[in-house]
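Enquirer: Got my_file13.pdb for you, PDB, C-alpha atoms (C1' of nucleotides):
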```pdb
ATOM      1  CA  MET P   1       0.000   0.000   0.000
ATOM      2  CA  ASN P   2       1.184   3.500  -0.816
ATOM      3  CA  HIS P   3       0.770   6.642   1.223
ATOM      4  CA  TRP P   4       0.217  10.149  -0.072
ATOM      5  CA  LEU P   5      -0.139  13.770   0.829
ATOM      6  CA  MET P   6      -2.711  15.875  -0.965
ATOM      7  CA  LYS P   7      -2.914  19.639  -0.691
ATOM      8  CA  SER P   8      -6.093  21.610  -0.616
ATOM      9  CA  GLU P   9      -6.767  25.233   0.075
ATOM     10  CA  PRO P  10      -9.190  25.226   2.998
ATOM     11  CA  ASN P  11     -10.977  28.282   1.610
ATOM     12  CA  ASP P  12     -11.725  26.116  -1.371
ATOM     13  CA  PHE P  13     -12.171  22.656   0.154
ATOM     14  CA  SER P  14     -11.215  21.856   3.754
ATOM     15  CA  ILE P  15     -11.070  18.669   5.795
ATOM     16  CA  ASP P  16     -14.439  19.711   7.283
ATOM     17  CA  ASP P  17     -15.860  20.016   3.799
ATOM     18  CA  LEU P  18     -14.770  16.435   3.182
ATOM     19  CA  ARG P  19     -16.189  15.294   6.525
ATOM     20  CA  THR P  20     -19.574  16.799   5.753
ATOM     21  CA  ALA P  21     -19.669  15.906   2.057
ATOM     22  CA  PRO P  22     -22.338  13.452   0.857
ATOM     23  CA  GLY P  23     -21.015   9.988   1.627
ATOM     24  CA  ARG P  24     -18.002  11.694   3.201
ATOM     25  CA  GLU P  25     -16.402  11.393  -0.204
ATOM     26  CA  THR P  26     -15.343  13.645  -3.040
ATOM     27  CA  HIS P  27     -13.731  13.452  -6.444
ATOM     28  CA  TRP P  28     -10.355  15.146  -6.702
ATOM     29  CA  ASP P  29     -10.828  17.091  -9.892
ATOM     30  CA  GLY P  30      -8.804  19.953 -11.301
ATOM     31  CA  VAL P  31      -5.295  18.533 -11.114
ATOM     32  CA  ARG P  32      -3.479  20.003 -14.134
ATOM     33  CA  ASN P  33       0.082  19.013 -13.415
ATOM     34  CA  TYR P  34       1.579  16.012 -15.158
ATOM     35  CA  GLN P  35       3.588  14.721 -12.230
ATOM     36  CA  ALA P  36       0.587  14.843  -9.927
ATOM     37  CA  ARG P  37      -1.572  13.268 -12.610
ATOM     38  CA  ASN P  38       0.897  10.436 -13.044
ATOM     39  CA  PHE P  39       0.828   9.692  -9.333
ATOM     40  CA  MET P  40      -2.951   9.442  -9.449
ATOM     41  CA  ARG P  41      -3.213   7.556 -12.700
ATOM     42  CA  ASP P  42      -0.321   5.139 -12.275
ATOM     43  CA  GLN P  43       0.231   4.601  -8.598
ATOM     44  CA  MET P  44      -2.783   5.391  -6.458
ATOM     45  CA  LYS P  45      -4.640   2.275  -5.399
ATOM     46  CA  GLN P  46      -7.937   1.843  -3.668
ATOM     47  CA  GLY P  47      -7.310   1.830   0.073
ATOM     48  CA  ASP P  48      -4.165   3.950  -0.048
ATOM     49  CA  LEU P  49      -4.080   6.400   2.839
ATOM     50  CA  VAL P  50      -3.691  10.134   2.366
ATOM     51  CA  PHE P  51      -2.618  13.003   4.567
ATOM     52  CA  PHE P  52      -5.028  15.845   3.938
ATOM     53  CA  TYR P  53      -2.989  19.047   3.902
ATOM     54  CA  HIS P  54      -4.208  22.617   4.127
ATOM     55  CA  SER P  55      -2.174  24.969   1.950
ATOM     56  CA  ASN P  56      -2.179  28.677   1.213
ATOM     57  CA  CYS P  57      -3.777  29.572   4.547
ATOM     58  CA  ALA P  58      -2.914  31.056   7.920
ATOM     59  CA  GLU P  59      -1.572  27.823   9.343
ATOM     60  CA  PRO P  60      -0.559  25.349   6.654
ATOM     61  CA  GLY P  61      -0.242  21.728   7.733
ATOM     62  CA  ILE P  62      -1.724  18.261   7.904
ATOM     63  CA  THR P  63      -5.252  18.296   9.251
ATOM     64  CA  GLY P  64      -6.651  14.852   8.590
ATOM     65  CA  ILE P  65      -6.545  11.466   6.957
ATOM     66  CA  ALA P  66      -8.431  10.273   3.908
ATOM     67  CA  LYS P  67      -8.454   7.127   1.843
ATOM     68  CA  ILE P  68      -8.469   6.489  -1.888
ATOM     69  CA  SER P  69     -11.959   5.195  -2.526
ATOM     70  CA  ARG P  70     -11.873   5.063  -6.323
ATOM     71  CA  GLU P  71      -8.902   4.685  -8.604
ATOM     72  CA  ALA P  72      -8.115   7.043 -11.465
ATOM     73  CA  TYR P  73     -10.751   7.874 -14.057
ATOM     74  CA  PRO P  74     -10.999  10.748 -16.546
ATOM     75  CA  ASP P  75     -11.460  14.216 -15.079
ATOM     76  CA  HIS P  76     -14.644  15.309 -16.797
ATOM     77  CA  THR P  77     -14.216  18.937 -15.746
ATOM     78  CA  ALA P  78     -11.505  19.185 -18.420
ATOM     79  CA  PHE P  79     -14.201  18.678 -21.079
ATOM     80  CA  ASN P  80     -16.509  21.419 -19.848
ATOM     81  CA  PRO P  81     -15.830  24.836 -21.423
ATOM     82  CA  LYS P  82     -17.621  26.509 -18.532
ATOM     83  CA  ASP P  83     -15.452  24.851 -15.934
ATOM     84  CA  LYS P  84     -12.600  26.716 -14.319
ATOM     85  CA  HIS P  85     -10.294  23.813 -15.149
ATOM     86  CA  TYR P  86     -11.419  23.391 -18.752
ATOM     87  CA  ASP P  87      -8.654  22.163 -21.036
ATOM     88  CA  PRO P  88      -9.540  22.084 -24.752
ATOM     89  CA  LYS P  89      -6.551  19.820 -25.331
ATOM     90  CA  SER P  90      -8.065  17.030 -23.269
ATOM     91  CA  ASP P  91     -10.026  14.816 -25.653
ATOM     92  CA  PRO P  92     -12.781  12.611 -24.177
ATOM     93  CA  ASP P  93     -11.499   9.808 -26.420
ATOM     94  CA  ASN P  94      -7.993  10.298 -25.090
ATOM     95  CA  PRO P  95      -8.259  12.132 -21.763
ATOM     96  CA  ARG P  96      -5.290  14.100 -20.622
ATOM     97  CA  TRP P  97      -6.384  14.570 -17.015
ATOM     98  CA  TYR P  98      -7.505  12.114 -14.390
ATOM     99  CA  MET P  99      -8.946  12.205 -10.918
ATOM    100  CA  VAL P 100      -9.511   9.843  -8.020
ATOM    101  CA  ASN P 101     -12.093   9.765  -5.264
ATOM    102  CA  ILE P 102     -11.110  10.145  -1.654
ATOM    103  CA  SER P 103     -13.167   9.375   1.417
ATOM    104  CA  TYR P 104     -12.935  10.897   4.870
ATOM    105  CA  GLN P 105     -11.219   8.854   7.549
ATOM    106  CA  ARG P 106     -10.628  11.185  10.454
ATOM    107  CA  LYS P 107      -9.345  14.552  11.536
ATOM    108  CA  LEU P 108      -6.115  14.628  13.452
ATOM    109  CA  ASN P 109      -6.513  15.266  17.177
ATOM    110  CA  ARG P 110      -4.401  18.322  16.520
ATOM    111  CA  MET P 111      -3.159  19.489  13.195
ATOM    112  CA  ILE P 112       0.511  19.075  12.410
ATOM    113  CA  PRO P 113       1.774  22.398  11.091
ATOM    114  CA  LEU P 114       4.274  22.649   8.283
ATOM    115  CA  SER P 115       6.632  24.360  10.717
ATOM    116  CA  LYS P 116       6.573  21.218  12.864
ATOM    117  CA  LEU P 117       7.388  18.989   9.899
ATOM    118  CA  ARG P 118      10.275  21.275   9.018
ATOM    119  CA  GLU P 119      11.832  20.674  12.439
ATOM    120  CA  TYR P 120      12.679  17.175  11.216
ATOM    121  CA  SER P 121      13.742  18.161   7.714
ATOM    122  CA  ASP P 122      17.344  17.186   8.331
ATOM    123  CA  ARG P 123      16.515  13.950  10.110
ATOM    124  CA  GLN P 124      13.439  11.711   9.950
ATOM    125  CA  LEU P 125      11.800  13.774   7.218
ATOM    126  CA  LYS P 126      14.945  14.508   5.253
ATOM    127  CA  ASN P 127      13.498  12.978   2.094
ATOM    128  CA  LEU P 128       9.872  13.989   2.478
ATOM    129  CA  THR P 129       8.866  15.226  -0.951
ATOM    130  CA  LEU P 130       6.683  17.947   0.525
ATOM    131  CA  LEU P 131       9.727  19.553   2.120
ATOM    132  CA  ARG P 132      11.897  19.454  -0.940
ATOM    133  CA  ARG P 133      13.091  22.902  -1.873
ATOM    134  CA  GLY P 134      10.391  24.918  -3.496
ATOM    135  CA  ASN P 135       8.016  22.032  -3.953
ATOM    136  CA  ARG P 136       4.627  23.069  -5.223
ATOM    137  CA  LEU P 137       3.303  19.664  -6.205
ATOM    138  CA  SER P 138      -0.244  19.218  -4.980
ATOM    139  CA  ILE P 139       0.118  15.452  -4.651
ATOM    140  CA  THR P 140       3.259  13.908  -3.200
ATOM    141  CA  PRO P 141       4.197  10.414  -2.058
ATOM    142  CA  VAL P 142       4.926   9.666   1.595
ATOM    143  CA  ASN P 143       6.898   6.538   2.371
ATOM    144  CA  ALA P 144       5.835   4.203   5.164
ATOM    145  CA  LYS P 145       8.509   5.337   7.606
ATOM    146  CA  GLU P 146       7.637   8.959   7.013
ATOM    147  CA  TRP P 147       3.949   8.197   7.394
ATOM    148  CA  PHE P 148       4.301   6.589  10.789
ATOM    149  CA  PHE P 149       6.809   9.140  11.992
ATOM    150  CA  ILE P 150       4.458  11.981  11.083
ATOM    151  CA  LEU P 151       1.589  10.207  12.798
ATOM    152  CA  SER P 152       3.715   9.981  15.937
ATOM    153  CA  LEU P 153       3.802  13.801  15.979
ATOM    154  CA  GLU P 154       0.052  14.063  16.301
TER
ATOM    155  C1'  DG M   1       0.641  41.597  -0.866
ATOM    156  C1'  DC M   2       5.298  40.025  -1.900
ATOM    157  C1'  DC M   3       8.148  37.140  -4.201
ATOM    158  C1'  DA M   4      10.930  32.820  -5.048
ATOM    159  C1'  DA M   5      10.402  28.559  -7.308
ATOM    160  C1'  DC M   6       9.210  26.312 -11.146
ATOM    161  C1'  DG M   7       6.089  24.372 -14.885
ATOM    162  C1'  DT M   8       4.306  25.696 -19.394
ATOM    163  C1'  DT M   9       4.107  28.154 -23.674
ATOM    164  C1'  DG M  10       5.540  29.657 -27.949
ATOM    165  C1'  DG M  11       8.798  32.175 -31.061
ATOM    166  C1'  DC M  12      12.758  31.177 -33.364
TER
ATOM    167  C1'  DG H   1      15.355  21.894 -29.156
ATOM    168  C1'  DC H   2      16.469  26.256 -26.782
ATOM    169  C1'  DC H   3      15.113  29.600 -23.735
ATOM    170  C1'  DA H   4      12.735  33.999 -22.432
ATOM    171  C1'  DA H   5       8.316  35.304 -20.965
ATOM    172  C1'  DC H   6       4.590  34.321 -18.418
ATOM    173  C1'  DG H   7       1.382  32.249 -15.051
ATOM    174  C1'  DT H   8       0.686  29.729 -10.812
ATOM    175  C1'  DT H   9       1.735  28.039  -6.248
ATOM    176  C1'  DG H  10       2.091  28.773  -1.634
ATOM    177  C1'  DG H  11       4.870  30.269   2.477
ATOM    178  C1'  DC H  12       5.555  34.239   4.837
TER
END
```
Can you present the structure in this file as structure tokens?

Expert:
Amino acid sequence: MNHWLMKSEPNDFSIDDLRTAPGRETHWDGVRNYQARNFMRDQMKQGDLVFFYHSNCAEPGITGIAKISREAYPDHTAFNPKDKHYDPKSDPDNPRWYMVNISYQRKLNRMIPLSKLREYSDRQLKNLTLLRRGNRLSITPVNAKEWFFILSLE
DNA sequence: GCCAACGTTGGC
DNA sequence: GCCAACGTTGGC
């Protein structure tokens, strides 16, 4: 099983939005970055666990845990000219963009701020993709050791 | 609001 | 295929 970290701007879609969503589930549309797409399309498996991360907000950090509830399928918002994430280059017969579904697992007892993760950036979390210099990827892998170490910070 | 990092676009 | 310009991300 793989582990992941997925960023969301809480103004846009927060862990509470996921918790209160119908079926406590949502589709992760709008990813328009090839590396992030490849993670979803090629590596995400049903049951994989995900750190839900709040970005671009007052206190960025990990706020909860979700699970991949449906593996990659075409992101239909790319086909809709009225959609914010419309991409005329994505052909329904050969989709360029994909999405997965995630389901709510739980909120952390207390969120783990980015600043806390950074405290371990030269030790246990030395290789955490999220902390790599200037990383803006919205979906990043977390290896098992990193996953359990981060959970121990909760 | 600033700005560094960095992915994408498009002219050549 | 190079690379400058441009747009976006996201911490601060």

Enquirer: Would you translate the PyMOL selection byres ((chain P) within 12 of (chain M)) into the concrete set of residues it matches in this file, as an NGL selection string?

Expert: :P and (32-35 or 132-137)

Enquirer: Taking (-9.3, 11.6, -12.6) as a centre in this file's frame and 10 Å as the limit, can you find every polymer residue with an atom that close, using only C-alpha atoms (C1' of nucleotides), and give them as JSON, numbers by chain?

Expert: {"P": [27, 28, 29, 30, 31, 37, 40, 41, 70, 71, 72, 73, 74, 75, 76, 77, 78, 95, 96, 97, 98, 99, 100, 101]}

Enquirer: How many Å lie between atom CA of Lys116 of chain P and atom CA of Ile62 of chain P, rounded to one decimal?

Expert: 10.1 Å

Enquirer: In Å, how far is it from atom CA of Asn109 of chain P to atom CA of Phe13 of chain P?

Expert: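 Distance reported for this atom pair: 19.4 Å.
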
Enquirer: Around all the atoms of segment 15-27 of chain P listed in the file, with 5 Å of room on each side, what axis-aligned box do you get, giving centre and edge lengths in Å to one decimal, as AutoDock Vina command-line options?

Expert:
```
--center_x -16.7 --center_y 15.0 --center_z 0.4 --size_x 21.3 --size_y 20.0 --size_z 23.7
```

Enquirer: Generate the coordinates of N, CA, C and O atoms for segment 108-134 of chain P; report them as a JSON list (two decimals), keeping the file's coordinate frame.

Expert:
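Writing the result to part_3.json gives the following:
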```json
[["chain", "number", "residue", "atom", "x", "y", "z"],
["P", 108, "LEU", "N", -7.13, 14.83, 12.43],
["P", 108, "LEU", "CA", -6.12, 14.63, 13.45],
["P", 108, "LEU", "C", -6.59, 15.28, 14.76],
["P", 108, "LEU", "O", -7.34, 16.26, 14.73],
["P", 109, "ASN", "N", -6.15, 14.70, 15.88],
["P", 109, "ASN", "CA", -6.51, 15.27, 17.18],
["P", 109, "ASN", "C", -6.03, 16.71, 17.28],
["P", 109, "ASN", "O", -6.70, 17.56, 17.84],
["P", 110, "ARG", "N", -4.84, 16.95, 16.72],
["P", 110, "ARG", "CA", -4.40, 18.32, 16.52],
["P", 110, "ARG", "C", -3.63, 18.35, 15.22],
["P", 110, "ARG", "O", -2.90, 17.41, 14.89],
["P", 111, "MET", "N", -3.82, 19.41, 14.50],
["P", 111, "MET", "CA", -3.16, 19.49, 13.20],
["P", 111, "MET", "C", -1.65, 19.55, 13.37],
["P", 111, "MET", "O", -1.15, 20.01, 14.39],
["P", 112, "ILE", "N", -0.94, 19.04, 12.37],
["P", 112, "ILE", "CA", 0.51, 19.08, 12.41],
["P", 112, "ILE", "C", 0.97, 20.16, 11.43],
["P", 112, "ILE", "O", 0.87, 19.99, 10.22],
["P", 113, "PRO", "N", 1.43, 21.29, 11.98],
["P", 113, "PRO", "CA", 1.77, 22.40, 11.09],
["P", 113, "PRO", "C", 3.02, 22.11, 10.26],
["P", 113, "PRO", "O", 3.90, 21.33, 10.67],
["P", 114, "LEU", "N", 3.09, 22.76, 9.14],
["P", 114, "LEU", "CA", 4.27, 22.65, 8.28],
["P", 114, "LEU", "C", 5.55, 22.97, 9.07],
["P", 114, "LEU", "O", 6.58, 22.32, 8.90],
["P", 115, "SER", "N", 5.45, 23.96, 9.94],
["P", 115, "SER", "CA", 6.63, 24.36, 10.72],
["P", 115, "SER", "C", 7.14, 23.21, 11.58],
["P", 115, "SER", "O", 8.34, 23.06, 11.80],
["P", 116, "LYS", "N", 6.18, 22.38, 12.07],
["P", 116, "LYS", "CA", 6.57, 21.22, 12.86],
["P", 116, "LYS", "C", 7.29, 20.19, 12.00],
["P", 116, "LYS", "O", 8.32, 19.62, 12.39],
["P", 117, "LEU", "N", 6.75, 19.94, 10.82],
["P", 117, "LEU", "CA", 7.39, 18.99, 9.90],
["P", 117, "LEU", "C", 8.81, 19.45, 9.57],
["P", 117, "LEU", "O", 9.74, 18.64, 9.51],
["P", 118, "ARG", "N", 8.96, 20.73, 9.39],
["P", 118, "ARG", "CA", 10.28, 21.28, 9.02],
["P", 118, "ARG", "C", 11.32, 21.03, 10.10],
["P", 118, "ARG", "O", 12.52, 20.98, 9.81],
["P", 119, "GLU", "N", 10.88, 20.91, 11.35],
["P", 119, "GLU", "CA", 11.83, 20.67, 12.44],
["P", 119, "GLU", "C", 12.60, 19.37, 12.22],
["P", 119, "GLU", "O", 13.67, 19.19, 12.81],
["P", 120, "TYR", "N", 12.03, 18.48, 11.44],
["P", 120, "TYR", "CA", 12.68, 17.18, 11.22],
["P", 120, "TYR", "C", 13.24, 17.05, 9.80],
["P", 120, "TYR", "O", 13.53, 15.95, 9.34],
["P", 121, "SER", "N", 13.38, 18.20, 9.13],
["P", 121, "SER", "CA", 13.74, 18.16, 7.71],
["P", 121, "SER", "C", 15.20, 17.74, 7.49],
["P", 121, "SER", "O", 15.58, 17.48, 6.36],
["P", 122, "ASP", "N", 15.98, 17.71, 8.54],
["P", 122, "ASP", "CA", 17.34, 17.19, 8.33],
["P", 122, "ASP", "C", 17.53, 15.83, 9.00],
["P", 122, "ASP", "O", 18.63, 15.31, 9.06],
["P", 123, "ARG", "N", 16.42, 15.27, 9.49],
["P", 123, "ARG", "CA", 16.52, 13.95, 10.11],
["P", 123, "ARG", "C", 15.44, 13.01, 9.55],
["P", 123, "ARG", "O", 15.51, 12.62, 8.40],
["P", 124, "GLN", "N", 14.42, 12.72, 10.35],
["P", 124, "GLN", "CA", 13.44, 11.71, 9.95],
["P", 124, "GLN", "C", 12.70, 12.07, 8.65],
["P", 124, "GLN", "O", 12.25, 11.19, 7.93],
["P", 125, "LEU", "N", 12.56, 13.37, 8.40],
["P", 125, "LEU", "CA", 11.80, 13.77, 7.22],
["P", 125, "LEU", "C", 12.70, 14.40, 6.15],
["P", 125, "LEU", "O", 12.26, 15.19, 5.32],
["P", 126, "LYS", "N", 13.96, 13.96, 6.18],
["P", 126, "LYS", "CA", 14.94, 14.51, 5.25],
["P", 126, "LYS", "C", 14.51, 14.36, 3.80],
["P", 126, "LYS", "O", 14.77, 15.23, 2.97],
["P", 127, "ASN", "N", 13.85, 13.25, 3.49],
["P", 127, "ASN", "CA", 13.50, 12.98, 2.09],
["P", 127, "ASN", "C", 12.02, 13.21, 1.78],
["P", 127, "ASN", "O", 11.57, 12.85, 0.69],
["P", 128, "LEU", "N", 11.30, 13.76, 2.73],
["P", 128, "LEU", "CA", 9.87, 13.99, 2.48],
["P", 128, "LEU", "C", 9.70, 14.94, 1.29],
["P", 128, "LEU", "O", 10.19, 16.07, 1.31],
["P", 129, "THR", "N", 8.98, 14.45, 0.29],
["P", 129, "THR", "CA", 8.87, 15.23, -0.95],
["P", 129, "THR", "C", 8.27, 16.60, -0.69],
["P", 129, "THR", "O", 8.67, 17.59, -1.30],
["P", 130, "LEU", "N", 7.33, 16.66, 0.20],
["P", 130, "LEU", "CA", 6.68, 17.95, 0.52],
["P", 130, "LEU", "C", 7.70, 19.01, 0.90],
["P", 130, "LEU", "O", 7.52, 20.19, 0.59],
["P", 131, "LEU", "N", 8.76, 18.59, 1.58],
["P", 131, "LEU", "CA", 9.73, 19.55, 2.12],
["P", 131, "LEU", "C", 10.86, 19.86, 1.16],
["P", 131, "LEU", "O", 11.71, 20.69, 1.46],
["P", 132, "ARG", "N", 10.86, 19.16, 0.04],
["P", 132, "ARG", "CA", 11.90, 19.45, -0.94],
["P", 132, "ARG", "C", 11.81, 20.91, -1.36],
["P", 132, "ARG", "O", 10.73, 21.44, -1.53],
["P", 133, "ARG", "N", 12.97, 21.48, -1.57],
["P", 133, "ARG", "CA", 13.09, 22.90, -1.87],
["P", 133, "ARG", "C", 12.09, 23.37, -2.93],
["P", 133, "ARG", "O", 12.08, 22.89, -4.05],
["P", 134, "GLY", "N", 11.29, 24.29, -2.55],
["P", 134, "GLY", "CA", 10.39, 24.92, -3.50],
["P", 134, "GLY", "C", 9.31, 24.03, -4.07],
["P", 134, "GLY", "O", 8.80, 24.30, -5.14]]
```
